[in-house]
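K.L.:
Dropping a structure here in structure tokens format, bear with me for questions.
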Amino acid sequence: MLDVTFVPDSLRELTGKQLAKLGRASEMDLRYEYFETQVSISADEFGDESFSGTPVLDFVFCVLLAARCIQQGNPGRISFTENDLLIHFTPDGESVTVTRSWDPVTGHCTVAEFLAAAHRFSSEVLEFIDERYPSFQENPAHQKLAGMVEELKAS
């Protein structure tokens with residue numbers, strides 16, 4: 001089993017300047033300078049691994065891109081903005097091997113479990129940010145992410 005989660009209460013508040021620009025901030029600014037929170041990834045083999053201060057929209061983009069790769073039968077990965085850690089996802093038929101750059105213990109899940117976890121995590125993050133900061137929905141990056149989530153759901 002694989003799970004990817006975030007801690008809503010750990011979401012850092014936006015500054016006044018960030019809030020004023022939220023509807024028109026660039027995708028890069030949104031990915032790397034907004035919405036830092038604690039994210040976790042877990043698998044039966046290695047338990048729960050948490051990362052504080054993670055730019056969650058960048059993490060969502062990475063998870064969705066990794067899901068797209070897995071759907072196509074290709075390896076995917078998550079790279080962290082704030083450090084050099086990597087999480088690799090390698091499909092083999094209907095199973096996925098999860099390898100973390102900092103730990104030799106690998107995890108495993110099915111392709112279906114991976115895609116479900118990616119969809120759930122991405123949807124929950126977007127819904128939470130939309131509720132807390134409605135002007136985010138006006139941003140083109142929001143539409144891009146929402147479209148990627150819908151694309152994943154449709155598969």
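Each chain in the structure tokens gets a letter, A, B, ..., in the order shown, and its residues are numbered from 1; ligands are numbered from 1 in order too.
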So that I can check the surroundings of stretch 22-38 of chain A, please list as a ChimeraX atom specification every protein, DNA and RNA residue that reaches within 8 Å of it, counting only C-alpha atoms and ignoring chain neighbours fewer than 3 positions away.

P.N.:
/A:6-8,10-14,18-19,50-58,81,135-141

K.L.:
Among stretch 72-154 of chain A, which residues does DSSP mark as helix (DSSP H, G or I) when it is run on the backbone? Keep the chain and numbering as in the structure and answer as a ChimeraX atom specification.

P.N.:
/A:111-132,134-138,140-154

K.L.:
Run DSSP on the backbone of this structure and report the residues of stretch 7-155 of chain A it assigns to strand (DSSP E or B), as a PyMOL selection string.

P.N.:
chain A and resi 7+36-43+47-55+76-79+86-92+95-100+103-110

K.L.:
If we count only C-alpha atoms, what is near stretch 89-92 of chain A at a cut-off of 6 Å, once residues fewer than 6 positions away on the same chain are taken out, given as a VMD selection string?

P.N.:
chain A and resid 75 to 77 98

K.L.:
Just checking: using only C-alpha atoms, which residue out of A:Glu150, A:Asp3, A:Glu127, A:Glu113 ends up closest to A:Leu64?

P.N.:
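Among A:Glu150, A:Asp3, A:Glu127, A:Glu113, it is A:Glu150 that comes nearest to A:Leu64.
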
K.L.:
In terms of the shortest atom-to-atom distance over only C-alpha atoms, which of A:Ala116, A:Ala146, A:Val39, A:Asn74 is closest to A:Phe59?

P.N.:
A:Val39
